[in-house]
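J.: Okay, so here is query-v3.tsv, and as you'll see once you scroll down, it has TSV, C-alpha atoms.
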```
chain	number	residue	atom	x	y	z
A	1	MET	CA	0.00	0.00	0.00
A	2	GLY	CA	2.88	2.37	0.84
A	3	HIS	CA	4.30	1.81	-2.64
A	4	ILE	CA	0.94	2.74	-4.22
A	5	ILE	CA	0.73	5.95	-2.18
A	6	ASN	CA	4.28	6.91	-3.07
A	7	SER	CA	3.61	6.18	-6.73
A	8	LYS	CA	0.54	8.40	-6.67
A	9	GLU	CA	2.47	11.20	-5.02
A	10	GLU	CA	5.20	10.87	-7.62
A	11	VAL	CA	2.60	11.43	-10.35
A	12	TYR	CA	1.35	14.65	-8.74
A	13	ASN	CA	4.90	15.80	-8.01
A	14	ALA	CA	5.78	15.28	-11.68
A	15	LEU	CA	2.74	17.34	-12.70
A	16	ALA	CA	3.76	20.14	-10.31
A	17	GLU	CA	7.28	20.11	-11.76
A	18	ARG	CA	5.87	20.36	-15.26
A	19	LEU	CA	3.61	23.31	-14.35
A	20	SER	CA	6.48	25.07	-12.59
A	21	LYS	CA	8.40	25.09	-15.87
A	22	THR	CA	5.76	26.94	-17.91
A	23	PRO	CA	6.81	30.49	-18.88
A	24	GLU	CA	4.47	31.92	-16.22
A	25	GLY	CA	5.54	29.35	-13.64
A	26	ALA	CA	3.81	27.83	-10.63
A	27	PRO	CA	6.10	27.65	-7.60
A	28	ILE	CA	5.70	24.33	-5.82
A	29	ASN	CA	4.51	24.26	-2.22
A	30	GLU	CA	1.97	22.35	-0.14
A	31	HIS	CA	-0.85	24.65	-1.24
A	32	LEU	CA	-0.19	24.04	-4.93
A	33	MET	CA	-0.16	20.30	-4.26
A	34	ALA	CA	-3.51	20.56	-2.48
A	35	ILE	CA	-4.98	22.44	-5.46
A	36	LEU	CA	-3.68	19.88	-7.95
A	37	HIS	CA	-5.10	16.98	-5.92
A	38	ARG	CA	-8.54	18.58	-6.06
A	39	LEU	CA	-8.50	19.56	-9.74
A	40	TYR	CA	-6.77	16.55	-11.32
A	41	THR	CA	-7.56	12.86	-11.07
A	42	GLU	CA	-4.50	10.66	-10.87
A	43	ASN	CA	-4.81	9.72	-14.55
A	44	GLU	CA	-5.14	13.38	-15.51
A	45	ALA	CA	-2.09	14.25	-13.42
A	46	LEU	CA	-0.11	11.53	-15.18
A	47	VAL	CA	-1.13	12.80	-18.62
A	48	GLY	CA	-0.48	16.44	-17.65
A	49	SER	CA	3.00	15.64	-16.42
A	50	LYS	CA	3.98	14.33	-19.87
A	51	PHE	CA	3.09	17.41	-21.90
A	52	SER	CA	5.79	19.25	-23.82
A	53	SER	CA	5.87	23.04	-24.15
A	54	ILE	CA	4.14	23.02	-27.55
A	55	PRO	CA	0.68	21.76	-28.59
A	56	MET	CA	0.69	18.04	-29.43
A	57	PRO	CA	-1.64	15.70	-31.32
A	58	LEU	CA	-3.32	12.74	-29.67
A	59	GLN	CA	-0.88	10.23	-31.17
A	60	LYS	CA	2.14	12.01	-29.69
A	61	ILE	CA	0.62	12.19	-26.21
A	62	SER	CA	-0.33	8.53	-26.46
A	63	ALA	CA	3.29	7.64	-27.22
A	64	LEU	CA	4.53	9.72	-24.28
A	65	THR	CA	2.03	8.35	-21.75
A	66	GLY	CA	1.66	4.78	-22.98
A	67	ILE	CA	-2.12	5.19	-22.85
A	68	GLU	CA	-4.13	3.83	-25.79
A	69	GLU	CA	-5.61	6.60	-27.94
A	70	THR	CA	-9.30	5.84	-27.34
A	71	GLU	CA	-8.85	5.89	-23.57
A	72	LEU	CA	-6.54	8.91	-23.76
A	73	LYS	CA	-9.08	10.90	-25.79
A	74	ILE	CA	-11.65	10.42	-22.99
A	75	ILE	CA	-9.12	11.65	-20.40
A	76	LEU	CA	-8.11	14.66	-22.50
A	77	ASP	CA	-11.72	15.61	-23.18
A	78	GLY	CA	-12.40	15.53	-19.44
A	79	MET	CA	-9.34	17.67	-18.75
A	80	SER	CA	-10.41	20.14	-21.43
A	81	ASP	CA	-13.91	20.39	-19.96
A	82	LYS	CA	-12.28	21.35	-16.64
A	83	GLY	CA	-9.95	23.89	-18.26
A	84	LEU	CA	-6.83	21.85	-17.47
A	85	VAL	CA	-6.03	21.34	-21.15
A	86	LEU	CA	-6.71	23.44	-24.23
A	87	ASP	CA	-7.90	21.44	-27.22
A	88	ILE	CA	-7.04	23.46	-30.31
A	89	PRO	CA	-8.74	22.64	-33.65
A	90	ARG	CA	-6.31	22.14	-36.54
A	91	LYS	CA	-7.75	21.07	-39.87
A	92	ASP	CA	-9.54	17.78	-39.18
A	93	THR	CA	-7.99	17.05	-35.77
A	94	PHE	CA	-7.16	18.58	-32.39
A	95	TYR	CA	-3.87	19.54	-30.79
A	96	TYR	CA	-3.63	19.66	-27.02
A	97	MET	CA	-1.78	22.06	-24.75
A	98	LEU	CA	-1.41	21.98	-20.97
A	99	THR	CA	-3.08	24.97	-19.34
A	100	PRO	CA	-0.80	27.01	-17.05
A	101	MET	CA	-1.82	28.22	-13.61
A	102	LEU	CA	-2.18	31.93	-14.48
A	103	VAL	CA	-3.63	32.97	-16.89
A	104	GLY	CA	-5.11	29.49	-17.10
A	105	PHE	CA	-6.82	26.96	-14.89
A	106	PHE	CA	-7.30	29.42	-12.02
A	107	GLU	CA	-9.52	31.53	-14.29
A	108	TYR	CA	-11.25	28.58	-15.94
A	109	THR	CA	-12.08	27.06	-12.55
A	110	PHE	CA	-13.85	30.21	-11.36
A	111	MET	CA	-15.48	31.06	-14.68
A	112	ARG	CA	-17.75	28.13	-13.90
A	113	THR	CA	-20.82	28.94	-11.85
A	114	GLY	CA	-22.41	25.48	-11.88
A	115	SER	CA	-19.27	23.51	-11.08
A	116	GLN	CA	-19.43	20.31	-9.05
A	117	LEU	CA	-16.13	21.29	-7.42
A	118	ASP	CA	-16.03	22.67	-3.89
A	119	LEU	CA	-15.35	26.22	-5.03
A	120	LYS	CA	-15.23	27.63	-1.51
A	121	GLU	CA	-12.44	25.25	-0.57
A	122	LEU	CA	-10.63	25.96	-3.83
A	123	ALA	CA	-11.02	29.71	-3.34
A	124	GLU	CA	-9.38	29.41	0.06
A	125	LEU	CA	-6.57	27.27	-1.35
A	126	PHE	CA	-5.85	29.62	-4.27
A	127	GLU	CA	-6.00	32.63	-1.94
A	128	THR	CA	-3.45	31.04	0.37
A	129	TYR	CA	-1.30	29.92	-2.55
A	130	PHE	CA	-1.06	33.33	-4.23
A	131	HIS	CA	-0.14	34.88	-0.88
A	132	SER	CA	2.54	32.29	-0.13
A	133	PRO	CA	6.07	33.74	0.02
A	134	GLY	CA	7.61	34.15	-3.41
A	135	VAL	CA	4.70	32.85	-5.50
A	136	MET	CA	3.55	36.09	-7.15
A	137	LYS	CA	7.13	37.29	-7.49
A	138	GLU	CA	8.06	34.10	-9.34
A	139	ILE	CA	5.04	34.38	-11.64
A	140	ALA	CA	5.20	38.13	-12.30
A	141	GLY	CA	8.50	39.56	-11.07
A	142	ILE	CA	10.17	39.80	-14.48
A	143	ASP	CA	10.41	42.47	-17.17
A	144	THR	CA	7.89	40.82	-19.50
A	145	LYS	CA	4.56	40.99	-17.70
A	146	VAL	CA	1.57	38.70	-18.04
A	147	MET	CA	-0.72	41.65	-18.77
A	148	ARG	CA	-0.55	45.26	-19.93
A	149	THR	CA	-2.70	48.23	-18.95
A	150	LEU	CA	-5.01	49.98	-21.41
A	151	ILE	CA	-5.66	53.68	-20.84
A	152	TYR	CA	-9.16	55.13	-20.97
A	153	GLU	CA	-9.25	56.58	-24.47
A	154	ASN	CA	-11.41	59.56	-23.55
A	155	VAL	CA	-8.61	61.00	-21.37
A	156	ILE	CA	-5.89	60.78	-24.03
A	157	PRO	CA	-4.83	64.38	-24.82
A	158	LEU	CA	-5.76	65.63	-28.28
A	159	ALA	CA	-2.14	66.65	-28.82
A	160	VAL	CA	-0.99	63.02	-28.93
A	161	GLU	CA	-4.18	61.23	-29.97
A	162	THR	CA	-2.98	60.75	-33.55
A	163	GLU	CA	0.24	59.17	-32.26
A	164	VAL	CA	-1.53	56.50	-30.21
A	165	LEU	CA	-1.25	53.12	-31.90
A	166	ASP	CA	-4.09	50.64	-32.29
A	167	TYR	CA	-2.64	48.18	-29.76
A	168	GLU	CA	-2.87	50.93	-27.11
A	169	LYS	CA	-6.61	51.40	-27.64
A	170	ALA	CA	-9.08	48.99	-26.08
A	171	THR	CA	-11.72	49.85	-28.67
A	172	GLU	CA	-9.37	49.02	-31.54
A	173	VAL	CA	-8.27	45.76	-29.90
A	174	ILE	CA	-11.94	44.76	-29.76
A	175	ARG	CA	-12.77	45.92	-33.28
A	176	GLN	CA	-9.81	44.08	-34.79
A	177	SER	CA	-10.84	40.89	-32.98
A	178	GLY	CA	-14.16	40.78	-34.84
A	179	GLY	CA	-15.99	39.81	-31.64
A	180	GLY	CA	-15.47	37.34	-28.84
A	181	ALA	CA	-17.08	36.19	-25.62
A	182	ILE	CA	-18.22	37.57	-22.28
A	183	THR	CA	-17.44	35.49	-19.21
A	184	THR	CA	-17.69	35.59	-15.45
A	185	CYS	CA	-14.85	37.48	-13.77
A	186	ALA	CA	-12.89	34.69	-12.10
A	187	CYS	CA	-11.41	36.96	-9.45
A	188	ARG	CA	-14.75	38.36	-8.28
A	189	HIS	CA	-16.32	34.91	-8.38
A	190	GLU	CA	-13.49	33.56	-6.22
A	191	ALA	CA	-13.89	36.55	-3.87
A	192	SER	CA	-17.60	35.78	-3.52
A	193	HIS	CA	-16.69	32.39	-2.02
A	194	LEU	CA	-14.31	34.13	0.37
A	195	GLY	CA	-16.95	36.67	1.41
A	196	THR	CA	-14.81	39.58	0.15
A	197	ALA	CA	-16.38	40.40	-3.23
A	198	CYS	CA	-17.22	44.01	-4.04
A	199	ASP	CA	-20.38	45.10	-5.84
A	200	ALA	CA	-18.74	45.48	-9.27
A	201	PRO	CA	-20.47	43.35	-11.94
A	202	THR	CA	-19.14	39.87	-12.62
A	203	GLU	CA	-20.23	39.26	-16.24
A	204	VAL	CA	-17.68	41.67	-17.69
A	205	CYS	CA	-14.62	39.59	-18.58
A	206	ILE	CA	-13.80	39.79	-22.31
A	207	SER	CA	-12.24	36.97	-24.35
A	208	LEU	CA	-11.15	37.47	-27.94
A	209	GLY	CA	-10.26	35.48	-31.04
A	210	GLY	CA	-9.50	31.78	-30.77
A	211	ALA	CA	-9.58	31.99	-26.98
A	212	ALA	CA	-13.18	33.21	-27.16
A	213	GLU	CA	-14.12	30.36	-29.49
A	214	TRP	CA	-12.72	27.87	-26.97
A	215	ILE	CA	-14.50	29.65	-24.09
A	216	VAL	CA	-17.86	29.41	-25.88
A	217	ARG	CA	-17.28	25.80	-26.95
A	218	LYS	CA	-16.63	24.83	-23.33
A	219	GLY	CA	-19.68	26.66	-22.01
A	220	LEU	CA	-17.59	29.13	-19.98
A	221	GLY	CA	-19.03	32.22	-21.64
A	222	LYS	CA	-21.50	33.53	-24.14
A	223	PRO	CA	-20.64	34.71	-27.67
A	224	ALA	CA	-20.50	38.48	-28.11
A	225	THR	CA	-20.38	40.83	-31.07
A	226	VAL	CA	-17.99	43.75	-31.33
A	227	GLU	CA	-20.85	46.01	-30.24
A	228	ASP	CA	-21.54	43.80	-27.20
A	229	LEU	CA	-17.91	43.99	-26.14
A	230	LEU	CA	-17.71	47.76	-26.66
A	231	ASN	CA	-20.77	48.09	-24.43
A	232	VAL	CA	-19.00	46.10	-21.69
A	233	LEU	CA	-15.98	48.36	-22.08
A	234	LYS	CA	-18.18	51.45	-21.75
A	235	GLN	CA	-20.05	50.04	-18.75
A	236	THR	CA	-16.87	49.14	-16.85
A	237	GLN	CA	-15.25	52.48	-17.66
A	238	GLU	CA	-18.25	54.31	-16.25
A	239	LEU	CA	-17.75	52.25	-13.09
A	240	GLY	CA	-14.08	53.21	-12.91
A	241	LEU	CA	-12.67	49.71	-13.40
A	242	VAL	CA	-9.17	49.14	-14.80
A	243	HIS	CA	-8.75	47.66	-18.29
A	244	LEU	CA	-6.01	45.01	-18.31
A	245	CYS	CA	-5.13	43.25	-21.56
A	246	ASP	CA	-3.06	40.28	-22.66
A	247	ASN	CA	0.49	41.65	-22.96
A	248	VAL	CA	0.87	41.23	-26.71
A	249	MET	CA	0.65	43.63	-29.63
A	250	ASN	CA	-1.25	41.42	-32.07
A	251	LYS	CA	-4.37	39.36	-31.37
A	252	PRO	CA	-4.67	39.66	-27.57
A	253	THR	CA	-6.82	36.91	-26.09
A	254	TYR	CA	-8.54	38.85	-23.30
A	255	ILE	CA	-9.37	42.19	-21.71
A	256	CYS	CA	-10.16	42.10	-17.99
A	257	ASN	CA	-12.03	44.89	-16.19
A	258	CYS	CA	-10.49	44.95	-12.76
A	259	CYS	CA	-10.87	46.30	-9.24
A	260	GLY	CA	-8.19	46.64	-6.61
A	261	CYS	CA	-10.14	44.62	-4.03
A	262	CYS	CA	-10.70	41.38	-5.99
A	263	CYS	CA	-8.31	41.28	-8.96
A	264	LYS	CA	-5.30	39.02	-8.45
A	265	VAL	CA	-3.11	41.39	-10.46
A	266	LEU	CA	-4.10	44.64	-8.76
A	267	ARG	CA	-4.10	42.98	-5.34
A	268	GLY	CA	-0.60	41.75	-6.11
A	269	ILE	CA	0.43	45.40	-6.42
A	270	ASN	CA	-1.46	46.51	-3.32
A	271	GLU	CA	-0.53	43.66	-1.01
A	272	GLN	CA	2.82	42.40	-2.28
A	273	GLN	CA	4.22	45.19	-4.46
A	274	VAL	CA	4.46	42.74	-7.36
A	275	PHE	CA	3.43	43.99	-10.80
A	276	ALA	CA	1.92	41.42	-13.18
A	277	THR	CA	0.76	44.16	-15.55
A	278	HIS	CA	2.90	46.52	-17.59
A	279	PRO	CA	1.87	50.17	-17.28
A	280	SER	CA	0.35	51.99	-20.21
A	281	ASN	CA	2.48	54.55	-22.01
A	282	PHE	CA	0.71	57.34	-20.12
A	283	ILE	CA	0.91	58.83	-16.65
A	284	PRO	CA	-1.20	61.55	-14.95
A	285	SER	CA	0.17	64.95	-14.02
A	286	PRO	CA	-1.84	67.32	-11.80
A	287	ASP	CA	-2.63	70.84	-13.02
A	288	LEU	CA	-2.27	72.61	-9.69
A	289	GLU	CA	-4.00	75.79	-10.84
A	290	SER	CA	-7.30	74.04	-11.52
A	291	CYS	CA	-7.03	71.31	-8.84
A	292	VAL	CA	-9.54	71.85	-6.01
A	293	GLY	CA	-7.95	69.30	-3.66
A	294	CYS	CA	-11.11	67.21	-3.39
A	295	GLY	CA	-9.26	63.89	-3.10
A	296	ILE	CA	-11.54	62.00	-5.51
A	297	CYS	CA	-8.52	60.86	-7.53
A	298	GLU	CA	-6.94	59.31	-4.45
A	299	GLU	CA	-10.22	57.60	-3.60
A	300	LYS	CA	-10.72	56.20	-7.12
A	301	CYS	CA	-7.18	54.87	-7.65
A	302	HIS	CA	-7.30	51.08	-7.31
A	303	ILE	CA	-3.61	50.70	-6.45
A	304	HIS	CA	-3.04	53.67	-4.10
A	305	ALA	CA	-0.68	55.44	-6.49
A	306	ILE	CA	-2.06	58.86	-5.49
A	307	THR	CA	-1.61	60.55	-2.11
A	308	MET	CA	-3.25	63.84	-1.19
A	309	THR	CA	-0.43	65.84	0.36
A	310	ASN	CA	-0.58	69.05	2.42
A	311	GLN	CA	1.79	71.65	1.01
A	312	GLY	CA	2.09	73.37	4.36
A	313	ASP	CA	0.13	76.43	3.31
A	314	GLY	CA	-3.30	74.84	3.62
A	315	THR	CA	-3.20	73.61	0.04
A	316	VAL	CA	-3.75	69.90	-0.54
A	317	ILE	CA	-2.63	68.44	-3.85
A	318	PRO	CA	-2.40	64.95	-5.37
A	319	VAL	CA	1.08	63.46	-5.58
A	320	ILE	CA	1.51	60.64	-8.11
A	321	SER	CA	3.86	57.74	-7.42
A	322	ASN	CA	5.47	57.17	-10.81
A	323	GLU	CA	6.80	53.81	-9.62
A	324	VAL	CA	3.32	52.53	-8.75
A	325	CYS	CA	1.02	54.21	-11.30
A	326	ILE	CA	0.02	51.94	-14.20
A	327	GLY	CA	-1.48	54.72	-16.32
A	328	CYS	CA	-5.04	53.40	-16.51
A	329	GLY	CA	-6.69	56.84	-16.57
A	330	VAL	CA	-9.29	56.08	-13.90
A	331	CYS	CA	-8.20	59.09	-11.83
A	332	SER	CA	-8.21	61.44	-14.80
A	333	GLN	CA	-11.74	60.49	-15.78
A	334	ALA	CA	-12.98	60.84	-12.18
A	335	CYS	CA	-11.47	64.30	-11.61
A	336	PRO	CA	-14.35	66.83	-11.46
A	337	SER	CA	-12.10	69.76	-12.39
A	338	GLU	CA	-10.25	67.86	-15.16
A	339	SER	CA	-6.99	68.62	-13.37
A	340	LEU	CA	-5.23	65.29	-13.93
A	341	ILE	CA	-3.73	65.41	-17.40
A	342	MET	CA	-2.55	62.15	-18.94
A	343	SER	CA	0.78	62.62	-20.71
A	344	ARG	CA	3.12	60.31	-22.59
A	345	ARG	CA	5.79	58.62	-20.50
A	346	SER	CA	9.36	59.50	-21.41
A	347	GLU	CA	10.00	55.92	-22.54
A	348	ILE	CA	7.44	54.20	-24.77
A	349	ALA	CA	7.10	50.47	-24.12
A	350	ILE	CA	6.34	48.12	-27.01
A	351	PRO	CA	4.71	44.81	-26.01
A	352	PRO	CA	5.75	41.42	-27.43
A	353	GLU	CA	4.48	40.95	-30.99
A	354	ASN	CA	2.41	37.84	-30.20
A	355	ILE	CA	1.84	35.06	-27.67
A	356	LYS	CA	4.86	33.07	-28.84
A	357	GLU	CA	7.14	36.06	-28.46
A	358	LYS	CA	5.68	36.85	-25.03
A	359	PHE	CA	6.29	33.31	-23.80
A	360	ARG	CA	9.76	33.23	-25.35
A	361	ARG	CA	10.72	36.40	-23.51
A	362	MET	CA	9.27	35.21	-20.22
A	363	ALA	CA	11.02	31.84	-20.47
A	364	ALA	CA	14.34	33.49	-21.31
A	365	GLU	CA	14.06	35.92	-18.40
A	366	LYS	CA	13.42	32.99	-16.05
A	367	GLY	CA	16.22	30.89	-17.54
A	368	ARG	CA	13.89	28.23	-18.93
```
I'd like the structure from this file rewritten - as structure tokens, please.
T.:
Amino acid sequence: MGHIINSKEEVYNALAERLSKTPEGAPINEHLMAILHRLYTENEALVGSKFSSIPMPLQKISALTGIEETELKIILDGMSDKGLVLDIPRKDTFYYMLTPMLVGFFEYTFMRTGSQLDLKELAELFETYFHSPGVMKEIAGIDTKVMRTLIYENVIPLAVETEVLDYEKATEVIRQSGGGAITTCACRHEASHLGTACDAPTEVCISLGGAAEWIVRKGLGKPATVEDLLNVLKQTQELGLVHLCDNVMNKPTYICNCCGCCCKVLRGINEQQVFATHPSNFIPSPDLESCVGCGICEEKCHIHAITMTNQGDGTVIPVISNEVCIGCGVCSQACPSESLIMSRRSEIAIPPENIKEKFRRMAAEKGR
């Protein structure tokens, strides 16, 4: 019996090792192991541990695992339904890719509202895991970030509007996608099981392109037209939520609409000073002549990058932390006197061209 238990643990340990080597990473600790035991059956863990870093056809995975193709297809389909594997259509067949932790099976787990899993227990485990020492730093503490921040377009100054490229505009990202899907915000859904969710809407997570097709096929979201997605963008901007996008220039797969109280990325900044999102190419500057010192900008900032500071003469002004500010534009839109002017940063960041380039950079920076 001891040999059987050890063998089972070896399977899950091998899976954890495999997930830890993805470009995003998944540092191994007891909390990760507890999550994997609840999400993966032993057979699924065995199959997952054998995946390479590129999508593979059924025949290749069968050769690696020693599992006959008919049986393996059933296992892979089950893993795909749980968001543990992506099944990617190619011509008349499917290729399979192991889903990473983030962005990956964390989100897919909590996009489900009718799951048979114990989501409260999983929410507690993921919460503990992401707050474990070194976990967020390992996942996000590199130059190439998982996400990038999209500025509110209505606060872009007219003087530079013609210089702003399509990849910097949320509306253009959506239009170029041709449509997508709307899903449940995984972070707010998780927070609801922890009793910490805010009152921001949950059905506002945007998936695009092939990712959206997969989301719809798996029943994780509903199909949406370009107009539907632009309406979500408008709704969330009116609520002062932060637009975070897949950190690629071409064909991003998602736009999240985030709050500092639930979002894993913004909470990582607030609670651990770890940045998983690259700032936009803009930053606010206060116009002190028109500023009335109301403090709304400080209140609206999701990551506490603004501090109302007494100048010693009775004047209170907003001071922006350039090291913290991600250039989302929430403060500028909220300012009643239009005193926070968004200006171009001195250095313009260009995101990776595509997903492959993003992962290549991340892997290289982590020595993988």
J.: Give me, as CSV, each residue of segment 129-166 of chain A that comes within 10 Å of segment 250-268 of chain A, together with its shortest interatomic pair and the distance in Å at one decimal, counting only C-alpha atoms, with rows ordered by chain and rising residue number.
T.:
```
residue,atom,partner,partner_atom,distance
A:Phe130,CA,A:Lys264,CA,8.3
A:His131,CA,A:Gly268,CA,8.6
A:Met136,CA,A:Gly268,CA,7.1
A:Lys137,CA,A:Gly268,CA,9.0
A:Ala140,CA,A:Val265,CA,9.1
A:Val146,CA,A:Val265,CA,9.3
A:Met147,CA,A:Val265,CA,8.7
A:Arg148,CA,A:Ile255,CA,9.5
A:Thr149,CA,A:Ile255,CA,9.4
A:Leu150,CA,A:Ile255,CA,8.9
A:Asp166,CA,A:Asn250,CA,9.6
```
J.: Please measure the separation of atom CA of Ser115 of chain A and atom CA of Arg217 of chain A, giving the value in Å to one decimal.
T.: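 Atom CA of Ser115 of chain A sits 16.2 Å away from atom CA of Arg217 of chain A.
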J.: Give me the residues near Glu213 of chain A as a ChimeraX atom specification, where near means some atom within 12 Å (using only C-alpha atoms) and where sequence neighbours in that chain fewer than 6 positions away do not count.
T.: /A:86-89,177-183,206-207,219-224,253-254
J.: List the residues sitting within 10 Å of (0.2, 64.7, -7.0) in the file's frame, using all atoms listed in the file, as a list in words.
T.: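 Collected hits near the coordinates: Pro284, Ser285, Pro286, Asp287, Leu288, Cys291, Gly293, Cys297, Glu298, Ala305, Ile306, Thr307, Met308, Thr309, Val316, Ile317, Pro318, Val319, Ile320, Ser321, Asn322 and Leu340 of chain A.
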J.: Any idea what's packed within 12 Å of Arg18 of chain A, counting only C-alpha atoms, ignoring anything in its chain fewer than 6 positions away? Could you give it as a PDB file with C-alpha atoms, in the frame of the given file?
T.:
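Written output follows (out-v8.pdb):
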```pdb
ATOM      1  CA  VAL A  11       2.600  11.430 -10.350  1.00  0.00           C
ATOM      2  CA  TYR A  12       1.350  14.650  -8.740  1.00  0.00           C
ATOM      3  CA  GLU A  24       4.470  31.920 -16.220  1.00  0.00           C
ATOM      4  CA  GLY A  25       5.540  29.350 -13.640  1.00  0.00           C
ATOM      5  CA  ALA A  26       3.810  27.830 -10.630  1.00  0.00           C
ATOM      6  CA  PRO A  27       6.100  27.650  -7.600  1.00  0.00           C
ATOM      7  CA  ILE A  28       5.700  24.330  -5.820  1.00  0.00           C
ATOM      8  CA  ALA A  45      -2.090  14.250 -13.420  1.00  0.00           C
ATOM      9  CA  LEU A  46      -0.110  11.530 -15.180  1.00  0.00           C
ATOM     10  CA  VAL A  47      -1.130  12.800 -18.620  1.00  0.00           C
ATOM     11  CA  GLY A  48      -0.480  16.440 -17.650  1.00  0.00           C
ATOM     12  CA  SER A  49       3.000  15.640 -16.420  1.00  0.00           C
ATOM     13  CA  LYS A  50       3.980  14.330 -19.870  1.00  0.00           C
ATOM     14  CA  PHE A  51       3.090  17.410 -21.900  1.00  0.00           C
ATOM     15  CA  SER A  52       5.790  19.250 -23.820  1.00  0.00           C
ATOM     16  CA  SER A  53       5.870  23.040 -24.150  1.00  0.00           C
ATOM     17  CA  LEU A  98      -1.410  21.980 -20.970  1.00  0.00           C
ATOM     18  CA  THR A  99      -3.080  24.970 -19.340  1.00  0.00           C
ATOM     19  CA  PRO A 100      -0.800  27.010 -17.050  1.00  0.00           C
ATOM     20  CA  MET A 101      -1.820  28.220 -13.610  1.00  0.00           C
ATOM     21  CA  ARG A 368      13.890  28.230 -18.930  1.00  0.00           C
TER      22      ARG A 368
END
```
J.: Counting all atoms listed in the file, what is within 8 Å of segment 116-119 of chain A, bar same-chain residues fewer than 5 positions away, as a ChimeraX atom specification?
T.: /A:110,190,193
J.: Of the residues A:Tyr152, A:Phe126, A:Phe105, A:Tyr167, which is the one nearest to Leu194 of chain A, using only C-alpha atoms?
T.: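 Using only C-alpha atoms, the shortest distance to Leu194 of chain A belongs to A:Phe126.
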J.: Between atom CA of Cys325 of chain A and atom CA of Asp199 of chain A, measure the distance and give it in Å to one decimal.
T.: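 Distance reported for this atom pair: 23.9 Å.
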J.: Rounded to one decimal, what separation in Å do you get between atom CA of Val204 of chain A and atom CA of Thr184 of chain A?
T.: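 So the two atoms, atom CA of Val204 of chain A and atom CA of Thr184 of chain A, lie 6.5 Å apart.
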J.: Go through A:Gly210, A:Pro23, A:Gly83, A:Gly195 and flag the residue nearest Thr109 of chain A, using only C-alpha atoms for the distances.
T.: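 Nearest candidate to Thr109 of chain A out of A:Gly210, A:Pro23, A:Gly83, A:Gly195: A:Gly83.
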J.: How would you write as a tab-separated table (two decimals) with C-alpha atoms, in the frame of the given file the residues that get within 7 Å of (-22.2, 48.3, -14.2) in the file's frame, counting all atoms listed in the file?
T.:
```
chain	number	residue	atom	x	y	z
A	200	ALA	CA	-18.74	45.48	-9.27
A	201	PRO	CA	-20.47	43.35	-11.94
A	235	GLN	CA	-20.05	50.04	-18.75
A	236	THR	CA	-16.87	49.14	-16.85
A	239	LEU	CA	-17.75	52.25	-13.09
```
J.: Please determine, counting all atoms listed in the file, which residue among A:Ala197, A:Ala159, A:Leu244, A:Gln176 has the shortest atom-to-atom distance to Ala123 of chain A.
T.: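 Using all atoms listed in the file, the shortest distance to Ala123 of chain A belongs to A:Ala197.
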J.: Taking all atoms listed in the file into account, name the residue in A:Ala170, A:Met111, A:Glu68, A:Ser62 that is nearest to Tyr96 of chain A.
T.: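 Of all the options, A:Ser62 lies closest to Tyr96 of chain A.
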J.: Which residue is closest to Ile215 of chain A? Choose from A:Ile303, A:Arg112, A:Pro157, A:Lys169 and count all atoms listed in the file.
T.: A:Arg112
J.: Which of these, A:Lys300, A:Arg188, A:Asn281, A:Glu10, has the shortest distance to Ser346 of chain A once you count all atoms listed in the file?
T.: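 Once distances to Ser346 of chain A are computed over all atoms listed in the file, the minimum belongs to A:Asn281.
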J.: Would you mind listing what lies within 9 Å of Val330 of chain A as a VMD selection string, with all atoms listed in the file counted and same-chain residues fewer than 6 positions away left out?
T.: chain A and resid 151 to 152 155 237 240 to 242 297 300 to 302
J.: Work out where the centre of an axis-aligned box around every listed atom of segment 74-83 of chain A lies and how long its edges are once 5 Å is added on each side; give both in Å to one decimal as AutoDock Vina command-line options.
T.:
```
--center_x -11.0 --center_y 17.2 --center_z -19.9 --size_x 15.8 --size_y 23.5 --size_z 16.5
```
